[in-house]
Amino acid sequence: MSPRAACRLDTLGFGQVFDYVEGKADWLARGLPTEGERAHERRAGQLARRDVATCRLSERMGDVRPRVEASPYGFALVVADGDVLLGRLRRAALEGDPDRCAEDVMEPGPSTVRIDAALDALAERLDGGSLKTAVVSTPDGALVGLVRREDL
Amino acid sequence: MPSPVRAEDVQRLIGEGGQLVEVLPEAEYAELHLAGARNLPLKRLDAQTTADLDRARPVIVYCHDAL
């Protein structure tokens, strides 16, 4: 719809017309400011906790494990530059060979939810999968944090 | 010709005086819209309804998503 609107404005003589093609969905997913009747509703990004252990691809399990033990969770998330989420290290990987690096033992591409995920839908999703946490990411794939089921 | 922009460009353009325009129907706009946006539904976009827009400043239009 917005390409047609942008074109129409162009034909009406507006000289500087820009089309934010990704639109409202993208804006919301980035947690950027909104207004309106539903603007006050809380969403996943607002509940995301930043206390999960993270590591880089090249880090040894022996180095990552203490950070996980100091966190409230039994796993770590593997991130690249810009906190782009690459994988997840489960307990079995963390308790294995301490010299193996994250890249070799991570589960790639963990499921995530967007910052703007509605909390009721998120609770339903977690309950449906018997999950205790959801990983929240930006549209660009950057890690935002974790939402715990008990916080919903 | 209109140029496609991303969220970071939108924020920059707003800082430079850009005018945000949501082209979805009124009910969707009333529910939720980008902060500072005005509503000009596509079906009513013409010379009269756009008369209030400043032609000297950038205009950024958006709807829900790319689909």
# chains A, B, ... in the order shown; residues from 1 in each chain; ligands from 1
$ interface_residues --of "chain B" --to "chain A" --cutoff "6 Å" --atoms "only C-alpha atoms" --output "PDB file with N, CA and C atoms, in the first residue's frame"
ATOM      1  N   PRO B   2       9.937   8.192  -5.592  1.00  0.00           N
ATOM      2  CA  PRO B   2      10.050   7.910  -4.155  1.00  0.00           C
ATOM      3  C   PRO B   2      11.207   6.953  -3.868  1.00  0.00           C
ATOM      4  N   SER B   3      11.856   7.159  -2.736  1.00  0.00           N
ATOM      5  CA  SER B   3      12.980   6.299  -2.352  1.00  0.00           C
ATOM      6  C   SER B   3      12.585   5.413  -1.178  1.00  0.00           C
ATOM      7  N   PRO B   4      12.925   4.123  -1.250  1.00  0.00           N
ATOM      8  CA  PRO B   4      12.669   3.270  -0.079  1.00  0.00           C
ATOM      9  C   PRO B   4      13.646   3.604   1.046  1.00  0.00           C
ATOM     10  N   VAL B   5      13.168   3.569   2.275  1.00  0.00           N
ATOM     11  CA  VAL B   5      14.030   3.874   3.427  1.00  0.00           C
ATOM     12  C   VAL B   5      13.799   2.845   4.520  1.00  0.00           C
ATOM     13  N   ARG B   6      14.782   2.733   5.401  1.00  0.00           N
ATOM     14  CA  ARG B   6      14.694   1.844   6.549  1.00  0.00           C
ATOM     15  C   ARG B   6      14.463   2.668   7.821  1.00  0.00           C
ATOM     16  N   ALA B  30      -5.780   4.866  14.488  1.00  0.00           N
ATOM     17  CA  ALA B  30      -6.215   5.213  15.849  1.00  0.00           C
ATOM     18  C   ALA B  30      -5.692   4.209  16.865  1.00  0.00           C
ATOM     19  N   GLU B  31      -5.636   2.938  16.474  1.00  0.00           N
ATOM     20  CA  GLU B  31      -5.143   1.900  17.370  1.00  0.00           C
ATOM     21  C   GLU B  31      -3.677   2.101  17.713  1.00  0.00           C
ATOM     22  N   LEU B  32      -2.883   2.284  16.702  1.00  0.00           N
ATOM     23  CA  LEU B  32      -1.437   2.344  16.909  1.00  0.00           C
ATOM     24  C   LEU B  32      -0.766   2.959  15.690  1.00  0.00           C
ATOM     25  N   HIS B  33       0.062   3.946  15.924  1.00  0.00           N
ATOM     26  CA  HIS B  33       0.819   4.530  14.807  1.00  0.00           C
ATOM     27  C   HIS B  33       2.169   5.022  15.298  1.00  0.00           C
ATOM     28  N   LEU B  34       3.043   5.286  14.375  1.00  0.00           N
ATOM     29  CA  LEU B  34       4.368   5.791  14.724  1.00  0.00           C
ATOM     30  C   LEU B  34       4.207   7.168  15.373  1.00  0.00           C
ATOM     31  N   ALA B  35       4.982   7.403  16.425  1.00  0.00           N
ATOM     32  CA  ALA B  35       4.866   8.675  17.144  1.00  0.00           C
ATOM     33  C   ALA B  35       5.063   9.842  16.189  1.00  0.00           C
ATOM     34  N   LEU B  42      -4.806   5.925   2.046  1.00  0.00           N
ATOM     35  CA  LEU B  42      -4.527   5.847   0.609  1.00  0.00           C
ATOM     36  C   LEU B  42      -5.759   6.177  -0.227  1.00  0.00           C
ATOM     37  N   ARG B  55       5.466  21.008   1.306  1.00  0.00           N
ATOM     38  CA  ARG B  55       6.177  20.473   0.144  1.00  0.00           C
ATOM     39  C   ARG B  55       7.683  20.703   0.202  1.00  0.00           C
ATOM     40  N   PRO B  58      10.692  16.709   3.641  1.00  0.00           N
ATOM     41  CA  PRO B  58      10.508  15.315   3.226  1.00  0.00           C
ATOM     42  C   PRO B  58       9.181  14.750   3.744  1.00  0.00           C
ATOM     43  N   VAL B  59       8.608  13.859   2.980  1.00  0.00           N
ATOM     44  CA  VAL B  59       7.401  13.138   3.394  1.00  0.00           C
ATOM     45  C   VAL B  59       7.737  11.648   3.407  1.00  0.00           C
ATOM     46  N   ILE B  60       7.477  11.015   4.537  1.00  0.00           N
ATOM     47  CA  ILE B  60       7.744   9.577   4.650  1.00  0.00           C
ATOM     48  C   ILE B  60       6.418   8.857   4.822  1.00  0.00           C
ATOM     49  N   VAL B  61       6.080   7.999   3.895  1.00  0.00           N
ATOM     50  CA  VAL B  61       4.830   7.259   3.997  1.00  0.00           C
ATOM     51  C   VAL B  61       5.112   5.829   4.455  1.00  0.00           C
ATOM     52  N   TYR B  62       4.132   5.262   5.128  1.00  0.00           N
ATOM     53  CA  TYR B  62       4.259   3.864   5.553  1.00  0.00           C
ATOM     54  C   TYR B  62       2.874   3.261   5.709  1.00  0.00           C
ATOM     55  N   CYS B  63       2.839   1.915   5.659  1.00  0.00           N
ATOM     56  CA  CYS B  63       1.608   1.195   5.999  1.00  0.00           C
ATOM     57  C   CYS B  63       1.998   0.150   7.048  1.00  0.00           C
ATOM     58  N   HIS B  64       1.439  -1.040   6.959  1.00  0.00           N
ATOM     59  CA  HIS B  64       1.755  -2.006   8.032  1.00  0.00           C
ATOM     60  C   HIS B  64       3.096  -2.690   7.807  1.00  0.00           C
ATOM     61  N   ASP B  65       3.278  -3.250   6.608  1.00  0.00           N
ATOM     62  CA  ASP B  65       4.545  -3.911   6.308  1.00  0.00           C
ATOM     63  C   ASP B  65       4.686  -4.034   4.798  1.00  0.00           C
ATOM     64  N   ALA B  66       5.693  -4.762   4.369  1.00  0.00           N
ATOM     65  CA  ALA B  66       5.985  -4.829   2.927  1.00  0.00           C
ATOM     66  C   ALA B  66       5.032  -5.744   2.177  1.00  0.00           C
TER      67      ALA B  66
END
$ select_by_dssp --residues "chain B" --states "alpha helix (DSSP H)" --output "list in words"
Ala7, Glu8, Asp9, Val10, Gln11, Arg12, Leu13, Ile14, Gly15, Glu26, Ala27, Glu28, Tyr29, Ala30 and Glu31 of chain B
$ closest_residue --among "A:Pro72, A:Gly109, A:Gly87, A:Gly62" --to "Thr133 of chain A" --atoms "only C-alpha atoms"
A:Pro72
$ residues_around --residues "segment 46-53 of chain A" --least-positions-apart "6" --cutoff "12 Å" --atoms "only C-alpha atoms" --output "tab-separated table (two decimals) with C-alpha atoms, in the first residue's frame"
chain	number	residue	atom	x	y	z
A	28	LEU	CA	7.13	-1.90	16.50
A	29	ALA	CA	9.59	-4.75	16.33
A	30	ARG	CA	12.39	-2.29	16.98
A	31	GLY	CA	10.65	-0.95	20.05
A	32	LEU	CA	10.49	2.57	18.63
A	40	HIS	CA	0.41	1.57	26.21
A	63	ASP	CA	35.51	-20.37	29.80
A	64	VAL	CA	31.79	-20.05	29.15
A	65	ARG	CA	30.62	-22.46	31.85
A	66	PRO	CA	31.37	-20.19	34.86
A	67	ARG	CA	29.32	-17.40	33.29
A	68	VAL	CA	26.37	-19.74	32.82
A	69	GLU	CA	26.68	-20.98	36.40
A	70	ALA	CA	26.54	-17.38	37.57
A	71	SER	CA	23.41	-16.69	35.55
A	72	PRO	CA	19.82	-17.73	36.36
A	73	TYR	CA	19.70	-20.05	33.33
A	74	GLY	CA	21.25	-23.35	32.38
A	75	PHE	CA	22.31	-22.27	28.90
A	76	ALA	CA	24.23	-19.61	27.02
A	77	LEU	CA	23.59	-17.79	23.76
A	78	VAL	CA	26.22	-17.40	21.07
A	79	VAL	CA	26.41	-13.98	19.46
A	88	ARG	CA	22.47	-21.69	21.81
A	89	LEU	CA	24.63	-23.77	24.13
A	90	ARG	CA	22.65	-26.25	26.15
A	94	LEU	CA	28.55	-26.83	28.43
A	112	THR	CA	13.18	-16.04	18.79
A	113	VAL	CA	10.24	-13.70	19.26
A	114	ARG	CA	10.08	-10.08	18.21
A	115	ILE	CA	10.24	-7.15	20.61
A	116	ASP	CA	6.64	-6.29	19.80
A	117	ALA	CA	5.23	-9.76	20.51
A	118	ALA	CA	1.99	-9.45	22.48
A	119	LEU	CA	2.33	-10.91	25.96
A	122	LEU	CA	3.79	-15.18	23.98
A	133	THR	CA	11.87	-18.72	28.45
A	134	ALA	CA	11.65	-16.99	25.09
A	135	VAL	CA	14.57	-15.29	23.37
A	136	VAL	CA	13.74	-11.80	22.14
A	137	SER	CA	15.51	-10.36	19.10
A	138	THR	CA	15.32	-7.34	16.84
A	143	LEU	CA	19.73	-10.36	20.89
A	144	VAL	CA	17.56	-8.22	23.17
A	145	GLY	CA	17.20	-10.61	26.10
A	146	LEU	CA	15.01	-13.31	27.60
A	147	VAL	CA	11.41	-13.25	28.72
A	148	ARG	CA	10.59	-15.70	31.49
A	149	ARG	CA	7.21	-17.41	31.61
A	150	GLU	CA	6.88	-16.51	35.26
A	151	ASP	CA	7.15	-12.82	34.35
A	152	LEU	CA	4.15	-12.95	32.02
$ atom_distance --atom1 "atom CA of Glu59 of chain A" --atom2 "atom CA of Ala92 of chain A"
16.1 Å
$ atom_distance --atom1 "atom CA of Leu85 of chain A" --atom2 "atom CA of Gly141 of chain A"
6.0 Å
$ atom_distance --atom1 "atom CA of Ala142 of chain A" --atom2 "atom CA of Ser111 of chain A"
12.5 Å
$ select_by_dssp --residues "chain B" --states "strand (DSSP E or B)" --output "list in words"
Ser3, Pro4, Gln19, Leu20, Val21, Glu22, His33, Leu34, Arg38, Asn39, Val59, Ile60, Val61 and Tyr62 of chain B
$ closest_residue --among "B:Ala56, B:Ala51, B:Ala37, B:Lys43" --to "Val10 of chain B" --atoms "only C-alpha atoms"
B:Ala37
$ residues_around --residues "Glu26 of chain B" --least-positions-apart "3" --cutoff "8 Å" --atoms "only C-alpha atoms" --output "JSON, numbers by chain"
{"B": [29, 30, 39, 41]}
$ write_last_selection --atoms "N, CA and C atoms" --output "compact mmCIF listing (two decimals), in the first residue's frame"
# COMPACT_ATOMS: atom_id res chain seq x y z
N TYR B 29 -4.97 3.42 12.26
CA TYR B 29 -4.15 4.52 12.74
C TYR B 29 -4.50 4.83 14.20
N ALA B 30 -5.78 4.87 14.49
CA ALA B 30 -6.22 5.21 15.85
C ALA B 30 -5.69 4.21 16.86
N ASN B 39 -2.44 10.85 9.69
CA ASN B 39 -3.14 9.83 8.93
C ASN B 39 -3.73 10.40 7.64
N PRO B 41 -5.27 8.26 4.71
CA PRO B 41 -5.53 6.95 4.09
C PRO B 41 -5.36 6.98 2.58
